[in-house]
>>> print(open('upload-v8.csv').read())   # CSV, C-alpha atoms and all ligand atoms
chain,number,residue,atom,x,y,z
Z,287,MET,CA,14.4,8.5,11.3
Z,288,HIS,CA,11.1,9.8,12.7
Z,289,LYS,CA,11.1,10.1,16.5
Z,290,ASP,CA,8.0,7.8,16.9
Z,291,LEU,CA,9.8,4.9,15.3
Z,292,LYS,CA,11.7,2.1,16.8
Z,293,GLU,CA,13.5,1.1,13.6
Z,294,VAL,CA,13.4,1.5,9.9
Z,295,LEU,CA,12.3,-1.9,8.4
Z,296,LEU,CA,12.5,-1.0,4.7
Z,297,THR,CA,14.5,1.8,3.2
Z,298,GLU,CA,13.4,3.9,0.2
Z,299,GLU,CA,16.0,2.1,-1.9
Z,300,GLN,CA,14.9,-1.4,-0.8
Z,301,ILE,CA,11.2,-0.5,-1.6
Z,302,ARG,CA,12.1,1.0,-5.0
Z,303,GLY,CA,14.1,-2.0,-6.0
Z,304,ARG,CA,11.4,-4.5,-5.1
Z,305,VAL,CA,8.6,-2.5,-6.6
Z,306,CYS,CA,10.6,-2.5,-9.9
Z,307,GLU,CA,10.9,-6.3,-9.8
Z,308,LEU,CA,7.1,-6.7,-9.2
Z,309,GLY,CA,6.4,-4.3,-12.1
Z,310,LYS,CA,8.6,-6.4,-14.4
Z,311,ALA,CA,6.8,-9.6,-13.4
Z,312,ILE,CA,3.4,-8.0,-13.8
Z,313,THR,CA,4.4,-6.6,-17.2
Z,314,LYS,CA,5.4,-10.1,-18.4
Z,315,ASP,CA,2.3,-11.9,-17.0
Z,316,TYR,CA,-0.2,-9.4,-18.4
Z,317,ALA,CA,1.4,-9.0,-21.9
Z,318,GLY,CA,-1.4,-8.3,-24.5
Z,319,LYS,CA,-3.9,-7.5,-21.8
Z,320,THR,CA,-5.3,-4.3,-20.2
Z,321,ILE,CA,-5.0,-4.3,-16.4
Z,322,LEU,CA,-7.8,-2.8,-14.3
Z,323,MET,CA,-5.6,-1.8,-11.4
Z,324,CYS,CA,-7.6,-1.4,-8.2
Z,325,CYS,CA,-6.1,0.5,-5.4
Z,326,ILE,CA,-7.4,-0.2,-1.9
Z,327,LEU,CA,-7.5,3.3,-0.3
Z,328,LYS,CA,-5.8,4.8,1.5
Z,329,GLY,CA,-2.8,2.8,2.6
Z,330,ALA,CA,-2.0,1.4,-0.9
Z,331,VAL,CA,-1.8,4.8,-2.6
Z,332,THR,CA,2.0,5.2,-2.5
Z,333,PHE,CA,2.7,1.6,-3.6
Z,334,TYR,CA,0.0,1.9,-6.3
Z,335,ALA,CA,1.4,5.1,-7.8
Z,336,ASP,CA,5.0,3.7,-7.8
Z,337,LEU,CA,4.0,0.2,-9.1
Z,338,ALA,CA,1.8,1.6,-11.9
Z,339,ARG,CA,4.8,3.5,-13.3
Z,340,THR,CA,6.9,0.3,-13.5
Z,341,ILE,CA,4.3,-1.5,-15.5
Z,342,ARG,CA,4.7,-1.4,-19.3
Z,343,GLY,CA,1.4,-1.8,-21.2
Z,344,PRO,CA,-2.2,-0.6,-20.9
Z,345,VAL,CA,-3.4,0.1,-17.3
Z,346,LEU,CA,-6.7,1.5,-16.1
Z,347,PHE,CA,-6.9,3.2,-12.7
Z,348,ASP,CA,-9.7,2.6,-10.2
Z,349,PHE,CA,-10.1,3.0,-6.4
Z,350,MET,CA,-11.9,1.3,-3.6
Z,351,SER,CA,-12.1,2.0,0.1
Z,352,CYS,CA,-12.8,-0.7,2.7
Z,353,SER,CA,-12.5,-0.5,6.4
Z,354,SER,CA,-11.7,-3.2,8.9
Z,355,TYR,CA,-9.5,-0.9,11.1
Z,356,GLY,CA,-10.4,2.3,13.1
Z,357,ALA,CA,-7.8,4.2,14.9
Z,358,SER,CA,-6.9,0.9,16.6
Z,359,SER,CA,-3.8,-1.1,15.6
Z,360,THR,CA,-5.7,-4.5,15.5
Z,361,SER,CA,-8.3,-5.9,13.1
Z,362,SER,CA,-12.0,-5.8,14.0
Z,363,GLY,CA,-12.6,-8.8,11.7
Z,364,GLN,CA,-15.3,-6.9,9.8
Z,365,VAL,CA,-15.1,-5.4,6.4
Z,366,HIS,CA,-17.2,-2.6,5.0
Z,367,ILE,CA,-17.1,-1.0,1.5
Z,368,ARG,CA,-17.0,2.8,1.9
Z,369,LYS,CA,-16.3,3.6,-1.7
Z,370,ASP,CA,-16.8,1.2,-4.5
Z,371,LEU,CA,-15.0,0.9,-7.9
Z,372,ASP,CA,-16.2,3.1,-10.7
Z,373,ASN,CA,-15.6,0.4,-13.3
Z,374,ASP,CA,-17.8,-2.5,-14.2
Z,375,VAL,CA,-15.3,-5.4,-13.8
Z,376,ARG,CA,-17.1,-7.8,-16.1
Z,377,ASN,CA,-14.6,-9.5,-18.5
Z,378,LYS,CA,-11.8,-7.3,-17.1
Z,379,ASP,CA,-8.4,-8.5,-15.7
Z,380,VAL,CA,-8.4,-7.0,-12.3
Z,381,LEU,CA,-5.2,-6.5,-10.2
Z,382,ILE,CA,-6.0,-5.6,-6.6
Z,383,VAL,CA,-3.2,-3.5,-5.0
Z,384,GLU,CA,-3.0,-3.6,-1.2
Z,385,ASP,CA,-0.5,-2.1,1.2
Z,386,ILE,CA,-0.4,-5.1,3.6
Z,387,ILE,CA,-2.1,-8.4,4.2
Z,388,ASP,CA,-2.5,-9.0,7.9
Z,389,THR,CA,-5.2,-11.3,9.0
Z,390,GLY,CA,-6.4,-11.8,5.4
Z,391,VAL,CA,-10.0,-10.9,6.3
Z,392,THR,CA,-10.3,-7.9,4.0
Z,393,LEU,CA,-9.0,-9.8,0.9
Z,394,SER,CA,-10.9,-13.0,1.7
Z,395,MET,CA,-14.0,-10.9,1.2
Z,396,LEU,CA,-12.9,-8.8,-1.8
Z,397,LEU,CA,-11.5,-11.5,-4.1
Z,398,PRO,CA,-14.8,-13.5,-4.2
Z,399,LEU,CA,-16.8,-10.3,-4.6
Z,400,LEU,CA,-14.9,-9.2,-7.7
Z,401,LYS,CA,-15.1,-12.7,-9.2
Z,402,GLU,CA,-18.9,-12.8,-8.6
Z,403,ARG,CA,-19.2,-9.5,-10.4
Z,404,GLY,CA,-17.8,-11.3,-13.5
Z,405,ALA,CA,-14.1,-10.3,-13.6
Z,406,ARG,CA,-12.2,-12.5,-16.1
Z,407,SER,CA,-9.3,-12.7,-13.7
Z,408,VAL,CA,-8.6,-11.3,-10.2
Z,409,LYS,CA,-5.0,-11.2,-8.9
Z,410,LEU,CA,-3.5,-9.6,-5.9
Z,411,ALA,CA,-0.4,-7.5,-5.4
Z,412,THR,CA,0.6,-6.5,-1.9
Z,413,LEU,CA,3.6,-4.6,-0.8
Z,414,LEU,CA,3.8,-6.3,2.6
Z,415,SER,CA,2.6,-9.5,4.2
Z,416,LYS,CA,2.5,-10.6,7.8
Z,417,PRO,CA,2.2,-14.4,7.5
Z,418,ALA,CA,2.3,-14.9,11.3
Z,419,ARG,CA,-1.0,-13.0,11.7
Z,420,ARG,CA,-3.0,-14.9,9.0
Z,421,GLN,CA,-6.5,-16.0,10.0
Z,422,VAL,CA,-7.8,-16.6,6.5
Z,423,GLU,CA,-5.6,-17.9,3.6
Z,424,VAL,CA,-5.5,-15.5,0.6
Z,425,PRO,CA,-3.6,-16.3,-2.6
Z,426,VAL,CA,-1.0,-13.5,-3.0
Z,427,ASP,CA,0.2,-13.3,-6.6
Z,428,TYR,CA,2.8,-10.5,-6.1
Z,429,ASN,CA,4.2,-9.9,-2.7
Z,430,GLY,CA,6.8,-7.2,-2.0
Z,431,PHE,CA,8.1,-8.3,1.4
Z,432,GLU,CA,7.2,-10.7,4.2
Z,433,ILE,CA,7.5,-8.9,7.5
Z,434,PRO,CA,7.4,-9.9,11.2
Z,435,ASP,CA,4.4,-9.3,13.4
Z,436,ALA,CA,5.0,-5.6,14.2
Z,437,PHE,CA,2.9,-2.5,13.6
Z,438,VAL,CA,4.4,-0.7,10.7
Z,439,VAL,CA,3.9,2.8,9.3
Z,440,GLY,CA,5.1,4.9,6.3
Z,441,TYR,CA,5.0,4.7,2.5
Z,442,GLY,CA,1.2,5.0,2.7
Z,443,LEU,CA,0.6,3.1,6.0
Z,444,ASP,CA,-0.7,5.0,8.9
Z,445,TYR,CA,-1.4,5.0,12.6
Z,446,ALA,CA,-4.5,7.1,13.4
Z,447,GLY,CA,-4.1,8.8,10.0
Z,448,GLN,CA,-0.5,9.8,10.6
Z,449,TYR,CA,2.9,8.9,9.1
Z,450,ARG,CA,1.6,8.0,5.6
Z,451,ASN,CA,4.0,10.5,4.0
Z,452,LEU,CA,7.2,8.9,5.4
Z,453,PRO,CA,9.1,7.7,2.3
Z,454,TYR,CA,10.3,4.5,4.1
Z,455,ILE,CA,8.6,1.8,6.3
Z,456,GLY,CA,9.3,1.8,10.0
Z,457,VAL,CA,8.1,0.0,13.1
Z,458,LEU,CA,6.1,2.2,15.4
Z,459,ARG,CA,7.2,2.4,19.0
Z,460,GLU,CA,4.8,0.6,21.3
Z,461,ASP,CA,4.4,3.6,23.7
Z,462,VAL,CA,3.0,5.6,20.8
Z,463,TYR,CA,-0.1,3.5,20.5
Z,464,GLU,CA,-0.3,2.2,24.1
Z,465,LYS,CA,-0.7,5.6,25.7
S,501,LIG,P1,-6.4,-7.7,7.1
S,501,LIG,O1,-6.3,-8.0,8.6
S,501,LIG,O2,-7.9,-7.7,6.7
S,501,LIG,O3,-6.0,-6.2,7.1
S,501,LIG,O4,-5.5,-8.5,6.2
S,501,LIG,C1,-5.4,-5.5,6.1
S,501,LIG,C2,-5.4,-4.0,6.5
S,501,LIG,O5,-5.0,-3.8,7.9
S,501,LIG,C3,-4.3,-2.7,8.0
S,501,LIG,N1,-3.0,-3.1,8.7
S,501,LIG,C4,-2.0,-2.2,9.0
S,501,LIG,N2,-1.9,-0.9,8.8
S,501,LIG,N3,0.3,-1.0,9.8
S,501,LIG,C5,-0.7,-0.3,9.2
S,501,LIG,O6,-0.6,0.9,9.0
S,501,LIG,C6,0.2,-2.3,10.0
S,501,LIG,O7,1.2,-2.9,10.6
S,501,LIG,C7,-1.0,-3.0,9.6
S,501,LIG,N4,-1.4,-4.3,9.7
S,501,LIG,C8,-2.6,-4.3,9.1
S,501,LIG,C9,-4.1,-2.2,6.6
S,501,LIG,O8,-5.0,-1.1,6.4
S,501,LIG,C10,-4.4,-3.3,5.7
S,501,LIG,O9,-5.0,-2.9,4.5
S,502,MG,MG,-5.3,-0.9,3.9
>>> encode(input="upload-v8.csv", output="structure tokens")
Amino acid sequence: MHKDLKEVLLTEEQIRGRVCELGKAITKDYAGKTILMCCILKGAVTFYADLARTIRGPVLFDFMSCSSYGASSTSSGQVHIRKDLDNDVRNKDVLIVEDIIDTGVTLSMLLPLLKERGARSVKLATLLSKPARRQVEVPVDYNGFEIPDAFVVGYGLDYAGQYRNLPYIGVLREDVYEK
């Protein structure tokens, strides 16, 4: 385990198993359709790449970058689009892929935006969800794991840009971000 972590919350094996289950459900639900799979950069990259490979059927890749967090570990409550999707979403079946739903602020803005642009359907897949922190309700179609209110890193998730390459998810020690 990395020295800055308090504990490992989800091992590589646990993540792999759950991602496979989500991929199977998505494959079944989207049978006969092409999925426009939208990755929310950067945190969702690892989950996105693993999830995409468990889905059978046509998938298009696209990427979007939004910010509601700086180097801080709490939400600013504001969302800004830094990089938009390349695809026109009109009449497409969009699957948004997120790393974690925390307050719900980011997704409560993105879901209506993509619907306004004319997507045929917009669904949401997230690896993690922290229900205790929710400020805005967001409909999560595919949820990997519900986790307690702790700041987690690894498997794409960062603190100040670090720890994204850890293959598992761990709880960051408080003294790492309090100093
Ligand atoms: P909201 O609050 O809009 O935020 O649902 C979602 C985004 O907040 C970030 N986030 C975290 N990032 N460890 C992280 O590395 C966490 O524990 C954590 N909680 C929230 C993340 O970028 C997510 O997309
Ligand atoms: Mg994120």
>>> closest_residue(input="upload-v8.csv", among="Z:Ile326, Z:Lys292, Z:Thr412, Z:Met287", to="Z:Val457", atoms="all atoms listed in the file")
Z:Lys292
>>> closest_residue(input="upload-v8.csv", among="Z:Asp372, Z:Asp461, Z:Glu402, Z:Glu384", to="Z:Gly329", atoms="all atoms listed in the file")
Z:Glu384
>>> residues_near_ligand(input="upload-v8.csv", ligand="ligand LIG 501 (chain S)", cutoff="8 Å", atoms="only C-alpha atoms and all ligand atoms", output="JSON, numbers by chain")
{"Z": [326, 328, 329, 330, 353, 354, 355, 359, 360, 361, 363, 365, 384, 385, 386, 387, 388, 389, 390, 391, 392, 393, 394, 416, 419, 420, 435, 436, 437, 438, 439, 440, 442, 443, 444, 445, 457]}
>>> residues_around(input="upload-v8.csv", residues="Z:Asn373", least_positions_apart="6", cutoff="10 Å", atoms="only C-alpha atoms", output="count of residues only")
6
>>> closest_residue(input="upload-v8.csv", among="Z:Phe333, Z:Tyr463, Z:Tyr454, Z:Tyr428", to="ligand MG 502 (chain S)", atoms="all atoms listed in the file")
Z:Phe333
>>> closest_residue(input="upload-v8.csv", among="Z:Lys409, Z:Phe431, Z:Pro344, Z:Glu464", to="Z:Gly303", atoms="all atoms listed in the file")
Z:Phe431
>>> closest_residue(input="upload-v8.csv", among="Z:Thr320, Z:Gln421, Z:Thr297, Z:Thr313", to="Z:Leu337", atoms="only C-alpha atoms")
Z:Thr313
>>> residues_around(input="upload-v8.csv", residues="Z:Gly318", least_positions_apart="3", cutoff="12 Å", atoms="all atoms listed in the file", output="list of chain:residue names")
Z:Ile312, Z:Thr313, Z:Lys314, Z:Asp315, Z:Ile321, Z:Arg342, Z:Gly343, Z:Pro344, Z:Val345, Z:Asp379
>>> closest_residue(input="upload-v8.csv", among="Z:Val383, Z:Ile433, Z:Val424, Z:Met350", to="Z:Ile367", atoms="all atoms listed in the file")
Z:Met350
>>> atom_distance(input="upload-v8.csv", atom1="atom CA of Z:Ala335", atom2="atom CA of Z:Tyr449")
17.4 Å
>>> atom_distance(input="upload-v8.csv", atom1="atom CA of Z:Leu410", atom2="atom CA of Z:Asp374")
18.0 Å
>>> atom_distance(input="upload-v8.csv", atom1="atom CA of Z:Lys310", atom2="atom CA of Z:Thr340")
7.0 Å
>>> residues_around(input="upload-v8.csv", residues="Z:Arg376", least_positions_apart="6", cutoff="12 Å", atoms="all atoms listed in the file", output="list in words")
Leu322, Leu399, Leu400, Lys401, Glu402, Arg403, Gly404, Ala405, Arg406, Ser407 and Val408 of chain Z
